[in-house]
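Here the structure comes first, spelled out in structure tokens, and everything after it is commentary.
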Amino acid sequence: MTTVVDVEDVTFSYGETVAVEDISLSVESGDFLGMIGPNGSGKTTLLHLMIGLAEPDSGSIRLFGEPAAEFEEGERLGYVAQRSTDRGGAMPVTIRETVLMGRFAHVGHSRLSDEDHAIVDDALRTVDIADLAHRPISAVSGGQRQRAFIARALASESDLLALDEPTVGVDADSRTEFYDLLDHLNEQGITIILIEHDVDVLTKHVNKVACINRELYHHGDTVSFIESDALSEAYGKSTGVLDHNHP
Ligand SMILES: Nc1ncnc2c1ncn2[C@@H]1O[C@H](COP(=O)(O)OP(=O)(O)OP(=O)(O)O)[C@@H](O)[C@H]1O
């Protein structure tokens with residue numbers, strides 16, 4: 001088994017606020033890792049560290065065997081950021097152009113062959129938004145936009161997909177379909193790291209869980225997580241922020 005992300009003794013602070021403390025874990029090729037913890041518990045920060053968007057204060061992170069900070073999105077890695085309520089104003093970029101950007105990142109230039117265009121169309125079909133291809137990305141629903149970002153990752157042939165609470169604000173049916181899509185992509189061999197605050201949804205889909213509240217409370221397979229007290233222990237510790245969305 002190949003290690004995709006290797007996190008070793010990592011600590012990261014924003015000024016005085018220690019967001020991630022002394023965390024070690026690894027993500028193996030083919031894993032579907034779910035990260036859970038209360039609001040403000042460091043999940044987004046840890047994900048950013050894992051994919052090289054931030055550098056740890058101490059410890060080390062390797063992504064595909066290299067220092068994570070040297071990686072760029074589009075290079076084996078697709079990232080779907082936490083949903084913003086901002087629709088980017090009247091952003092003139094269409095869904096298809098968004099997905100084309102993933103293909104540009106893969107081929108390293110903007111001259112695409114017919115085969116590249118076929119791959120882009122395939123990616124749009126896989127996430128079921130081919131009929132929206134010519135809509136501006138600012139003129140679709142949040143769930144459809146998340147699918148466009150996944151299609152962009154597929155077009156760039158990413159081996160790793162990192163998603164930060166991708167279905168917040170998405171209705172229940174679309175959410176189920178979205179998670180079915182993630183299961184399908186994982187079965188195709190794509191390694192997935194997902195932040196999801198709903199424990200039932202999380203444990204239904206992932207094969208590994210990292211439960212964090214600044215420190216790591218559990219990292220292991222889903223069954224051992226369900227049998228452990230990690231969740232109540234992690235949620236029992238104060239994060240210093242109001243946990244208005246969480247139990
Ligand atoms: N840019 C920042 N500057 C200062 N502090 C920050 C910044 N980003 C996050 N923090 C703090 O770091 C801690 C961890 O935040 P982080 O966003 O990683 O948590 P999270 O678990 O993803 O939260 P949520 O579930 O609410 O999205 C929190 O105390 C937060 O207030």
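For the structure tokens, the naming scheme is as follows: chains receive sequential letters (A, B, ...) according to their order of presentation, residues are indexed from 1 within each chain, and ligands are indexed from 1 in presentation order.
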Mind checking which residues fall within 9 Å of stretch 162-171 of chain A, counting only C-alpha atoms, ignoring those fewer than 6 positions away in the same chain, and posting them as a list in words?
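The contact residues come out as Lys43, Thr44, Leu47, Ile51, Leu77, Gly78, Tyr79, Val80, Ala81, Gln82, Arg83, Ser141, Gly142, Gly143, Gln146, Phe178, Tyr179, Thr191, Ile192, Ile193, Leu194, Ile195, Glu196 and His197 of chain A.
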Selection from above, N, CA and C atoms, as a PDB file, in the first residue's frame, can you write it?
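What follows is the written file selection-v4.pdb:
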```
ATOM      1  N   LYS A  43     -10.026  21.302  11.824  1.00  0.00           N
ATOM      2  CA  LYS A  43     -10.163  20.394  10.674  1.00  0.00           C
ATOM      3  C   LYS A  43      -9.688  21.045   9.371  1.00  0.00           C
ATOM      4  N   THR A  44     -10.194  22.258   9.122  1.00  0.00           N
ATOM      5  CA  THR A  44      -9.809  22.938   7.882  1.00  0.00           C
ATOM      6  C   THR A  44      -8.310  23.225   7.884  1.00  0.00           C
ATOM      7  N   LEU A  47      -6.492  20.060   7.098  1.00  0.00           N
ATOM      8  CA  LEU A  47      -6.623  19.721   5.681  1.00  0.00           C
ATOM      9  C   LEU A  47      -5.708  20.623   4.840  1.00  0.00           C
ATOM     10  N   ILE A  51      -2.571  19.331   2.353  1.00  0.00           N
ATOM     11  CA  ILE A  51      -2.464  19.513   0.895  1.00  0.00           C
ATOM     12  C   ILE A  51      -1.542  20.677   0.533  1.00  0.00           C
ATOM     13  N   LEU A  77      -3.797  16.460  -7.389  1.00  0.00           N
ATOM     14  CA  LEU A  77      -4.583  16.830  -6.218  1.00  0.00           C
ATOM     15  C   LEU A  77      -5.729  17.744  -6.613  1.00  0.00           C
ATOM     16  N   GLY A  78      -6.948  17.361  -6.232  1.00  0.00           N
ATOM     17  CA  GLY A  78      -8.101  18.236  -6.439  1.00  0.00           C
ATOM     18  C   GLY A  78      -8.640  18.674  -5.096  1.00  0.00           C
ATOM     19  N   TYR A  79      -8.935  19.960  -4.963  1.00  0.00           N
ATOM     20  CA  TYR A  79      -9.399  20.480  -3.676  1.00  0.00           C
ATOM     21  C   TYR A  79     -10.730  21.197  -3.871  1.00  0.00           C
ATOM     22  N   VAL A  80     -11.703  20.798  -3.090  1.00  0.00           N
ATOM     23  CA  VAL A  80     -13.000  21.465  -3.117  1.00  0.00           C
ATOM     24  C   VAL A  80     -13.147  22.164  -1.768  1.00  0.00           C
ATOM     25  N   ALA A  81     -13.003  23.498  -1.778  1.00  0.00           N
ATOM     26  CA  ALA A  81     -12.973  24.281  -0.546  1.00  0.00           C
ATOM     27  C   ALA A  81     -14.351  24.340   0.100  1.00  0.00           C
ATOM     28  N   GLN A  82     -14.347  24.767   1.363  1.00  0.00           N
ATOM     29  CA  GLN A  82     -15.607  24.928   2.078  1.00  0.00           C
ATOM     30  C   GLN A  82     -16.491  25.874   1.277  1.00  0.00           C
ATOM     31  N   ARG A  83     -17.787  25.571   1.247  1.00  0.00           N
ATOM     32  CA  ARG A  83     -18.678  26.382   0.423  1.00  0.00           C
ATOM     33  C   ARG A  83     -18.807  27.788   0.950  1.00  0.00           C
ATOM     34  N   SER A 141     -26.655  26.152  -8.574  1.00  0.00           N
ATOM     35  CA  SER A 141     -26.791  25.975  -7.117  1.00  0.00           C
ATOM     36  C   SER A 141     -25.443  25.613  -6.498  1.00  0.00           C
ATOM     37  N   GLY A 142     -25.376  25.739  -5.175  1.00  0.00           N
ATOM     38  CA  GLY A 142     -24.133  25.413  -4.480  1.00  0.00           C
ATOM     39  C   GLY A 142     -23.705  23.969  -4.716  1.00  0.00           C
ATOM     40  N   GLY A 143     -24.669  23.056  -4.714  1.00  0.00           N
ATOM     41  CA  GLY A 143     -24.357  21.636  -4.919  1.00  0.00           C
ATOM     42  C   GLY A 143     -23.828  21.391  -6.327  1.00  0.00           C
ATOM     43  N   GLN A 146     -20.281  22.562  -6.493  1.00  0.00           N
ATOM     44  CA  GLN A 146     -19.360  21.590  -5.896  1.00  0.00           C
ATOM     45  C   GLN A 146     -19.061  20.468  -6.890  1.00  0.00           C
ATOM     46  N   PHE A 178     -24.696  13.075  -3.937  1.00  0.00           N
ATOM     47  CA  PHE A 178     -23.315  13.553  -3.906  1.00  0.00           C
ATOM     48  C   PHE A 178     -22.405  12.517  -3.240  1.00  0.00           C
ATOM     49  N   TYR A 179     -22.884  11.955  -2.121  1.00  0.00           N
ATOM     50  CA  TYR A 179     -22.071  10.950  -1.430  1.00  0.00           C
ATOM     51  C   TYR A 179     -21.979   9.651  -2.235  1.00  0.00           C
ATOM     52  N   THR A 191      -8.283   8.463  -3.963  1.00  0.00           N
ATOM     53  CA  THR A 191      -8.174   8.610  -2.513  1.00  0.00           C
ATOM     54  C   THR A 191      -8.925   9.888  -2.124  1.00  0.00           C
ATOM     55  N   ILE A 192      -9.713   9.807  -1.065  1.00  0.00           N
ATOM     56  CA  ILE A 192     -10.530  10.971  -0.687  1.00  0.00           C
ATOM     57  C   ILE A 192     -10.296  11.334   0.771  1.00  0.00           C
ATOM     58  N   ILE A 193     -10.140  12.637   1.026  1.00  0.00           N
ATOM     59  CA  ILE A 193     -10.137  13.157   2.398  1.00  0.00           C
ATOM     60  C   ILE A 193     -11.313  14.121   2.480  1.00  0.00           C
ATOM     61  N   LEU A 194     -12.177  13.896   3.461  1.00  0.00           N
ATOM     62  CA  LEU A 194     -13.432  14.634   3.537  1.00  0.00           C
ATOM     63  C   LEU A 194     -13.643  15.176   4.946  1.00  0.00           C
ATOM     64  N   ILE A 195     -13.977  16.459   5.043  1.00  0.00           N
ATOM     65  CA  ILE A 195     -14.435  16.997   6.326  1.00  0.00           C
ATOM     66  C   ILE A 195     -15.954  16.983   6.292  1.00  0.00           C
ATOM     67  N   GLU A 196     -16.559  16.367   7.294  1.00  0.00           N
ATOM     68  CA  GLU A 196     -18.031  16.268   7.344  1.00  0.00           C
ATOM     69  C   GLU A 196     -18.425  16.267   8.815  1.00  0.00           C
ATOM     70  N   HIS A 197     -19.349  17.168   9.189  1.00  0.00           N
ATOM     71  CA  HIS A 197     -19.693  17.254  10.613  1.00  0.00           C
ATOM     72  C   HIS A 197     -20.810  16.303  11.025  1.00  0.00           C
TER      73      HIS A 197
END
```
Give me, as an mmCIF file with N, CA and C atoms, in the first residue's frame, the set of residues whose atoms come within 10 Å of any atom of ligand 1, counting only C-alpha atoms and all ligand atoms.
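Heads up, here's the output in result-v1.cif:
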```
data_model
loop_
_atom_site.group_PDB
_atom_site.id
_atom_site.type_symbol
_atom_site.label_atom_id
_atom_site.label_comp_id
_atom_site.auth_asym_id
_atom_site.auth_seq_id
_atom_site.Cartn_x
_atom_site.Cartn_y
_atom_site.Cartn_z
ATOM 1 N N PHE A 12 0.385 23.599 14.485
ATOM 2 C CA PHE A 12 0.220 24.847 13.734
ATOM 3 C C PHE A 12 -0.593 25.822 14.577
ATOM 4 N N SER A 13 -0.109 27.062 14.674
ATOM 5 C CA SER A 13 -0.834 28.095 15.430
ATOM 6 C C SER A 13 -1.084 29.311 14.559
ATOM 7 N N TYR A 14 -2.220 29.979 14.852
ATOM 8 C CA TYR A 14 -2.461 31.315 14.307
ATOM 9 C C TYR A 14 -2.150 32.257 15.463
ATOM 10 N N GLY A 15 -1.020 32.894 15.472
ATOM 11 C CA GLY A 15 -0.645 33.743 16.614
ATOM 12 C C GLY A 15 -0.661 32.920 17.884
ATOM 13 N N GLU A 16 -1.508 33.335 18.830
ATOM 14 C CA GLU A 16 -1.589 32.646 20.126
ATOM 15 C C GLU A 16 -2.460 31.386 20.062
ATOM 16 N N THR A 17 -3.282 31.275 19.010
ATOM 17 C CA THR A 17 -4.242 30.163 18.937
ATOM 18 C C THR A 17 -3.598 28.919 18.342
ATOM 19 N N VAL A 18 -3.466 27.897 19.178
ATOM 20 C CA VAL A 18 -2.943 26.628 18.661
ATOM 21 C C VAL A 18 -4.114 25.893 18.006
ATOM 22 N N ALA A 19 -4.086 25.766 16.687
ATOM 23 C CA ALA A 19 -5.221 25.168 15.958
ATOM 24 C C ALA A 19 -5.051 23.656 15.813
ATOM 25 N N VAL A 20 -3.812 23.215 15.656
ATOM 26 C CA VAL A 20 -3.512 21.786 15.451
ATOM 27 C C VAL A 20 -2.301 21.471 16.317
ATOM 28 N N MET A 35 -12.829 13.373 8.269
ATOM 29 C CA MET A 35 -12.333 14.124 9.424
ATOM 30 C C MET A 35 -13.523 14.787 10.106
ATOM 31 N N ILE A 36 -13.618 14.573 11.413
ATOM 32 C CA ILE A 36 -14.749 15.104 12.176
ATOM 33 C C ILE A 36 -14.239 15.742 13.458
ATOM 34 N N GLY A 37 -14.997 16.704 13.964
ATOM 35 C CA GLY A 37 -14.650 17.386 15.215
ATOM 36 C C GLY A 37 -15.526 18.620 15.321
ATOM 37 N N PRO A 38 -15.609 19.224 16.506
ATOM 38 C CA PRO A 38 -16.484 20.392 16.681
ATOM 39 C C PRO A 38 -16.057 21.587 15.822
ATOM 40 N N ASN A 39 -16.893 22.624 15.822
ATOM 41 C CA ASN A 39 -16.518 23.877 15.159
ATOM 42 C C ASN A 39 -15.214 24.405 15.728
ATOM 43 N N GLY A 40 -14.352 24.871 14.877
ATOM 44 C CA GLY A 40 -13.122 25.503 15.349
ATOM 45 C C GLY A 40 -12.108 24.526 15.904
ATOM 46 N N SER A 41 -12.261 23.225 15.563
ATOM 47 C CA SER A 41 -11.379 22.218 16.163
ATOM 48 C C SER A 41 -10.117 21.963 15.330
ATOM 49 N N GLY A 42 -9.969 22.689 14.228
ATOM 50 C CA GLY A 42 -8.732 22.582 13.455
ATOM 51 C C GLY A 42 -8.814 21.708 12.214
ATOM 52 N N LYS A 43 -10.026 21.302 11.824
ATOM 53 C CA LYS A 43 -10.163 20.394 10.674
ATOM 54 C C LYS A 43 -9.688 21.045 9.371
ATOM 55 N N THR A 44 -10.194 22.258 9.122
ATOM 56 C CA THR A 44 -9.809 22.938 7.882
ATOM 57 C C THR A 44 -8.310 23.225 7.884
ATOM 58 N N THR A 45 -7.814 23.641 9.047
ATOM 59 C CA THR A 45 -6.379 23.928 9.143
ATOM 60 C C THR A 45 -5.560 22.674 8.840
ATOM 61 N N LEU A 46 -5.972 21.540 9.414
ATOM 62 C CA LEU A 46 -5.235 20.294 9.179
ATOM 63 C C LEU A 46 -5.308 19.903 7.700
ATOM 64 N N LEU A 47 -6.492 20.060 7.098
ATOM 65 C CA LEU A 47 -6.623 19.721 5.681
ATOM 66 C C LEU A 47 -5.708 20.623 4.840
ATOM 67 N N HIS A 48 -5.702 21.908 5.152
ATOM 68 C CA HIS A 48 -4.819 22.837 4.423
ATOM 69 C C HIS A 48 -3.356 22.424 4.554
ATOM 70 N N LEU A 49 -2.984 22.012 5.754
ATOM 71 C CA LEU A 49 -1.599 21.559 5.966
ATOM 72 C C LEU A 49 -1.319 20.314 5.122
ATOM 73 N N GLN A 82 -14.347 24.767 1.363
ATOM 74 C CA GLN A 82 -15.607 24.928 2.078
ATOM 75 C C GLN A 82 -16.491 25.874 1.277
ATOM 76 N N ASP A 164 -13.875 19.944 1.782
ATOM 77 C CA ASP A 164 -14.155 20.552 3.079
ATOM 78 C C ASP A 164 -15.657 20.818 3.191
ATOM 79 N N GLU A 165 -16.353 19.995 3.971
ATOM 80 C CA GLU A 165 -17.809 20.106 4.166
ATOM 81 C C GLU A 165 -18.535 20.446 2.866
ATOM 82 N N ILE A 195 -13.977 16.459 5.043
ATOM 83 C CA ILE A 195 -14.435 16.997 6.326
ATOM 84 C C ILE A 195 -15.954 16.983 6.292
ATOM 85 N N GLU A 196 -16.559 16.367 7.294
ATOM 86 C CA GLU A 196 -18.031 16.268 7.344
ATOM 87 C C GLU A 196 -18.425 16.267 8.815
ATOM 88 N N HIS A 197 -19.349 17.168 9.189
ATOM 89 C CA HIS A 197 -19.693 17.254 10.613
ATOM 90 C C HIS A 197 -20.810 16.303 11.025
ATOM 91 N N ILE A 212 -10.839 14.913 15.518
ATOM 92 C CA ILE A 212 -9.893 15.861 16.103
ATOM 93 C C ILE A 212 -10.587 16.983 16.863
ATOM 94 N N ASN A 213 -9.921 17.439 17.872
ATOM 95 C CA ASN A 213 -10.251 18.709 18.506
ATOM 96 C C ASN A 213 -8.899 19.260 18.957
ATOM 97 N N ARG A 214 -8.273 19.953 18.035
ATOM 98 C CA ARG A 214 -6.899 20.457 18.159
ATOM 99 C C ARG A 214 -5.903 19.296 18.174
ATOM 100 N N THR A 239 -13.655 24.126 22.714
ATOM 101 C CA THR A 239 -12.785 24.630 21.647
ATOM 102 C C THR A 239 -12.561 26.114 21.795
ATOM 103 N N GLY A 240 -13.332 26.722 22.724
ATOM 104 C CA GLY A 240 -13.210 28.171 22.879
ATOM 105 C C GLY A 240 -14.046 28.948 21.876
ATOM 106 N N VAL A 241 -14.826 28.236 21.051
ATOM 107 C CA VAL A 241 -15.741 28.932 20.143
ATOM 108 C C VAL A 241 -17.141 28.393 20.391
ATOM 109 N N LEU A 242 -18.146 29.119 19.928
ATOM 110 C CA LEU A 242 -19.516 28.652 20.097
ATOM 111 C C LEU A 242 -19.800 27.533 19.117
ATOM 112 N N ASP A 243 -20.255 26.389 19.632
ATOM 113 C CA ASP A 243 -20.544 25.239 18.767
ATOM 114 C C ASP A 243 -22.017 25.262 18.365
ATOM 115 N N HIS A 244 -22.394 26.313 17.640
ATOM 116 C CA HIS A 244 -23.825 26.451 17.360
ATOM 117 C C HIS A 244 -24.361 25.456 16.344
ATOM 118 N N ASN A 245 -23.509 24.869 15.519
ATOM 119 C CA ASN A 245 -24.012 23.933 14.507
ATOM 120 C C ASN A 245 -23.868 22.479 14.905
ATOM 121 N N HIS A 246 -23.236 22.249 16.012
ATOM 122 C CA HIS A 246 -22.848 20.883 16.325
ATOM 123 C C HIS A 246 -23.434 20.418 17.635
#
```
What's the 8 Å shell around stretch 149-156 of chain A, counting only C-alpha atoms, without same-chain residues fewer than 6 positions away, as a list in words?
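Non-adjacent residues within range: Gly74, Glu75, Arg76, Leu77, Gly78, Tyr79, Val80, Thr98, Val99, Leu100, Met101, Gly102, Arg103, Phe104, Ala105, His106, Ile119, Val120, Ala123, Leu124, Thr126 and Val127 of chain A.
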Looking at only C-alpha atoms, which of A:Ser24, A:Asn207, A:Thr3, A:Thr94 is the one that sits closest to A:Glu66?
A:Thr3
Just list as a PyMOL selection string whatever in stretch 6-241 of chain A DSSP marks as strand (DSSP E).
chain A and resi 6-14+17-28+32-36+58-63+66-67+77-80+160-164+191-195+208-213+215-221
For A:His117, the nearest of the candidates A:Asp183, A:Lys208, A:Leu132, A:Glu97, counting only C-alpha atoms:
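Distance minimum relative to A:His117 lands on A:Glu97.
Inside stretch 199-237 of chain A, the residues DSSP reads as alpha helix (DSSP H) when given the backbone are A:Val199, A:Asp200, A:Val201, A:Leu202, A:Thr203, A:Lys204, A:His205, A:Thr222, A:Val223, A:Ser224, A:Phe225, A:Ile226, A:Glu227, A:Ala230, A:Leu231, A:Ser232, A:Glu233, A:Ala234, A:Tyr235, A:Gly236.
In this model, the gap between atom CA of A:Val27 and atom CA of A:Val5 comes to 5.0 Å.
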Neighbours of A:Gly59 within 12 Å (only C-alpha atoms; same-chain residues fewer than 6 positions away dropped), as a PDB file with N, CA and C atoms, in the first residue's frame?
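Contents of selection.pdb, as written:
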```pdb
ATOM      1  N   ASP A   6       1.418  11.808   4.617  1.00  0.00           N
ATOM      2  CA  ASP A   6       2.039  11.367   5.860  1.00  0.00           C
ATOM      3  C   ASP A   6       2.236  12.584   6.767  1.00  0.00           C
ATOM      4  N   VAL A   7       1.494  12.617   7.856  1.00  0.00           N
ATOM      5  CA  VAL A   7       1.531  13.752   8.788  1.00  0.00           C
ATOM      6  C   VAL A   7       2.282  13.297  10.033  1.00  0.00           C
ATOM      7  N   GLU A   8       3.355  14.011  10.373  1.00  0.00           N
ATOM      8  CA  GLU A   8       4.171  13.577  11.512  1.00  0.00           C
ATOM      9  C   GLU A   8       4.367  14.680  12.525  1.00  0.00           C
ATOM     10  N   ASP A   9       3.792  14.489  13.713  1.00  0.00           N
ATOM     11  CA  ASP A   9       3.980  15.411  14.854  1.00  0.00           C
ATOM     12  C   ASP A   9       3.738  16.869  14.486  1.00  0.00           C
ATOM     13  N   VAL A  10       2.643  17.126  13.798  1.00  0.00           N
ATOM     14  CA  VAL A  10       2.433  18.471  13.268  1.00  0.00           C
ATOM     15  C   VAL A  10       1.696  19.384  14.247  1.00  0.00           C
ATOM     16  N   THR A  11       2.236  20.571  14.405  1.00  0.00           N
ATOM     17  CA  THR A  11       1.617  21.619  15.211  1.00  0.00           C
ATOM     18  C   THR A  11       1.535  22.884  14.360  1.00  0.00           C
ATOM     19  N   PHE A  12       0.385  23.599  14.485  1.00  0.00           N
ATOM     20  CA  PHE A  12       0.220  24.847  13.734  1.00  0.00           C
ATOM     21  C   PHE A  12      -0.593  25.822  14.577  1.00  0.00           C
ATOM     22  N   VAL A  20      -3.812  23.215  15.656  1.00  0.00           N
ATOM     23  CA  VAL A  20      -3.512  21.786  15.451  1.00  0.00           C
ATOM     24  C   VAL A  20      -2.301  21.471  16.317  1.00  0.00           C
ATOM     25  N   GLU A  21      -2.431  20.444  17.166  1.00  0.00           N
ATOM     26  CA  GLU A  21      -1.330  20.170  18.089  1.00  0.00           C
ATOM     27  C   GLU A  21      -0.862  18.723  18.025  1.00  0.00           C
ATOM     28  N   ASP A  22       0.364  18.569  17.624  1.00  0.00           N
ATOM     29  CA  ASP A  22       1.045  17.285  17.724  1.00  0.00           C
ATOM     30  C   ASP A  22       0.271  16.143  17.064  1.00  0.00           C
ATOM     31  N   ILE A  23      -0.178  16.377  15.857  1.00  0.00           N
ATOM     32  CA  ILE A  23      -0.966  15.354  15.162  1.00  0.00           C
ATOM     33  C   ILE A  23      -0.088  14.535  14.213  1.00  0.00           C
ATOM     34  N   SER A  24      -0.265  13.221  14.288  1.00  0.00           N
ATOM     35  CA  SER A  24       0.384  12.302  13.345  1.00  0.00           C
ATOM     36  C   SER A  24      -0.681  11.383  12.783  1.00  0.00           C
ATOM     37  N   LEU A  25      -0.722  11.260  11.486  1.00  0.00           N
ATOM     38  CA  LEU A  25      -1.611  10.280  10.851  1.00  0.00           C
ATOM     39  C   LEU A  25      -1.167  10.095   9.414  1.00  0.00           C
ATOM     40  N   LEU A  49      -2.984  22.012   5.754  1.00  0.00           N
ATOM     41  CA  LEU A  49      -1.599  21.559   5.966  1.00  0.00           C
ATOM     42  C   LEU A  49      -1.319  20.314   5.122  1.00  0.00           C
ATOM     43  N   MET A  50      -2.301  19.396   5.119  1.00  0.00           N
ATOM     44  CA  MET A  50      -2.102  18.111   4.417  1.00  0.00           C
ATOM     45  C   MET A  50      -1.904  18.306   2.918  1.00  0.00           C
ATOM     46  N   PRO A  67       7.605  17.000   0.172  1.00  0.00           N
ATOM     47  CA  PRO A  67       7.076  17.983   1.127  1.00  0.00           C
ATOM     48  C   PRO A  67       5.778  18.599   0.594  1.00  0.00           C
ATOM     49  N   ALA A  68       4.726  18.575   1.421  1.00  0.00           N
ATOM     50  CA  ALA A  68       3.393  18.993   0.955  1.00  0.00           C
ATOM     51  C   ALA A  68       3.394  20.420   0.421  1.00  0.00           C
TER      52      ALA A  68
END
```
Can you tell me, as JSON, numbers by chain, what residues are no more than 10 Å from A:His218 when counting only C-alpha atoms, ignoring any on the same chain fewer than 2 positions away?
{"A": [25, 35, 36, 208, 209, 210, 211, 212, 215, 216, 220, 221, 224, 225, 228, 229, 230, 231, 233, 234]}
Store the residues of this selection in a file with C-alpha atoms, as a compact mmCIF listing (two decimals), in the first residue's frame.
```txt
# COMPACT_ATOMS: atom_id res chain seq x y z
CA LEU A 25 -1.61 10.28 10.85
CA MET A 35 -12.33 14.12 9.42
CA ILE A 36 -14.75 15.10 12.18
CA LYS A 208 -11.19 5.62 8.06
CA VAL A 209 -11.94 8.37 10.53
CA ALA A 210 -9.78 11.07 12.07
CA CYS A 211 -11.55 12.65 15.02
CA ILE A 212 -9.89 15.86 16.10
CA GLU A 215 -5.33 17.12 19.08
CA LEU A 216 -6.09 13.79 17.48
CA GLY A 220 -8.34 4.34 12.45
CA ASP A 221 -10.99 2.34 10.66
CA SER A 224 -13.17 1.03 15.69
CA PHE A 225 -14.17 4.72 15.66
CA SER A 228 -14.69 4.14 20.68
CA ASP A 229 -15.56 7.12 22.91
CA ALA A 230 -13.51 9.44 20.70
CA LEU A 231 -16.43 11.51 19.48
CA GLU A 233 -14.37 12.97 24.25
CA ALA A 234 -13.54 15.33 21.38
```
Between A:Glu187, A:Glu227, A:Glu70, A:Asp131, which has the minimum distance to A:Ala148 (counting only C-alpha atoms)?
A:Asp131
Would you pick out the contacts of A:Val4 at 8 Å or less, using only C-alpha atoms, so that residues sharing its chain but fewer than 2 positions from it are not included, and give the list as a PyMOL selection string?
chain A and resi 2+6+26-29+62-65
Write the residues of the preceding selection, restricted to C-alpha atoms, as a compact mmCIF listing (two decimals), in the first residue's frame.
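Produced file result.txt, reproduced below:
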```txt
# COMPACT_ATOMS: atom_id res chain seq x y z
CA THR A 2 1.28 3.47 -0.90
CA ASP A 6 2.04 11.37 5.86
CA SER A 26 -1.30 8.84 7.40
CA VAL A 27 -3.61 8.43 4.44
CA GLU A 28 -3.05 5.37 2.29
CA SER A 29 -3.80 5.06 -1.40
CA ARG A 62 4.66 14.59 2.96
CA LEU A 63 2.23 14.46 0.06
CA PHE A 64 2.93 11.76 -2.54
CA GLY A 65 6.31 11.36 -0.85
```
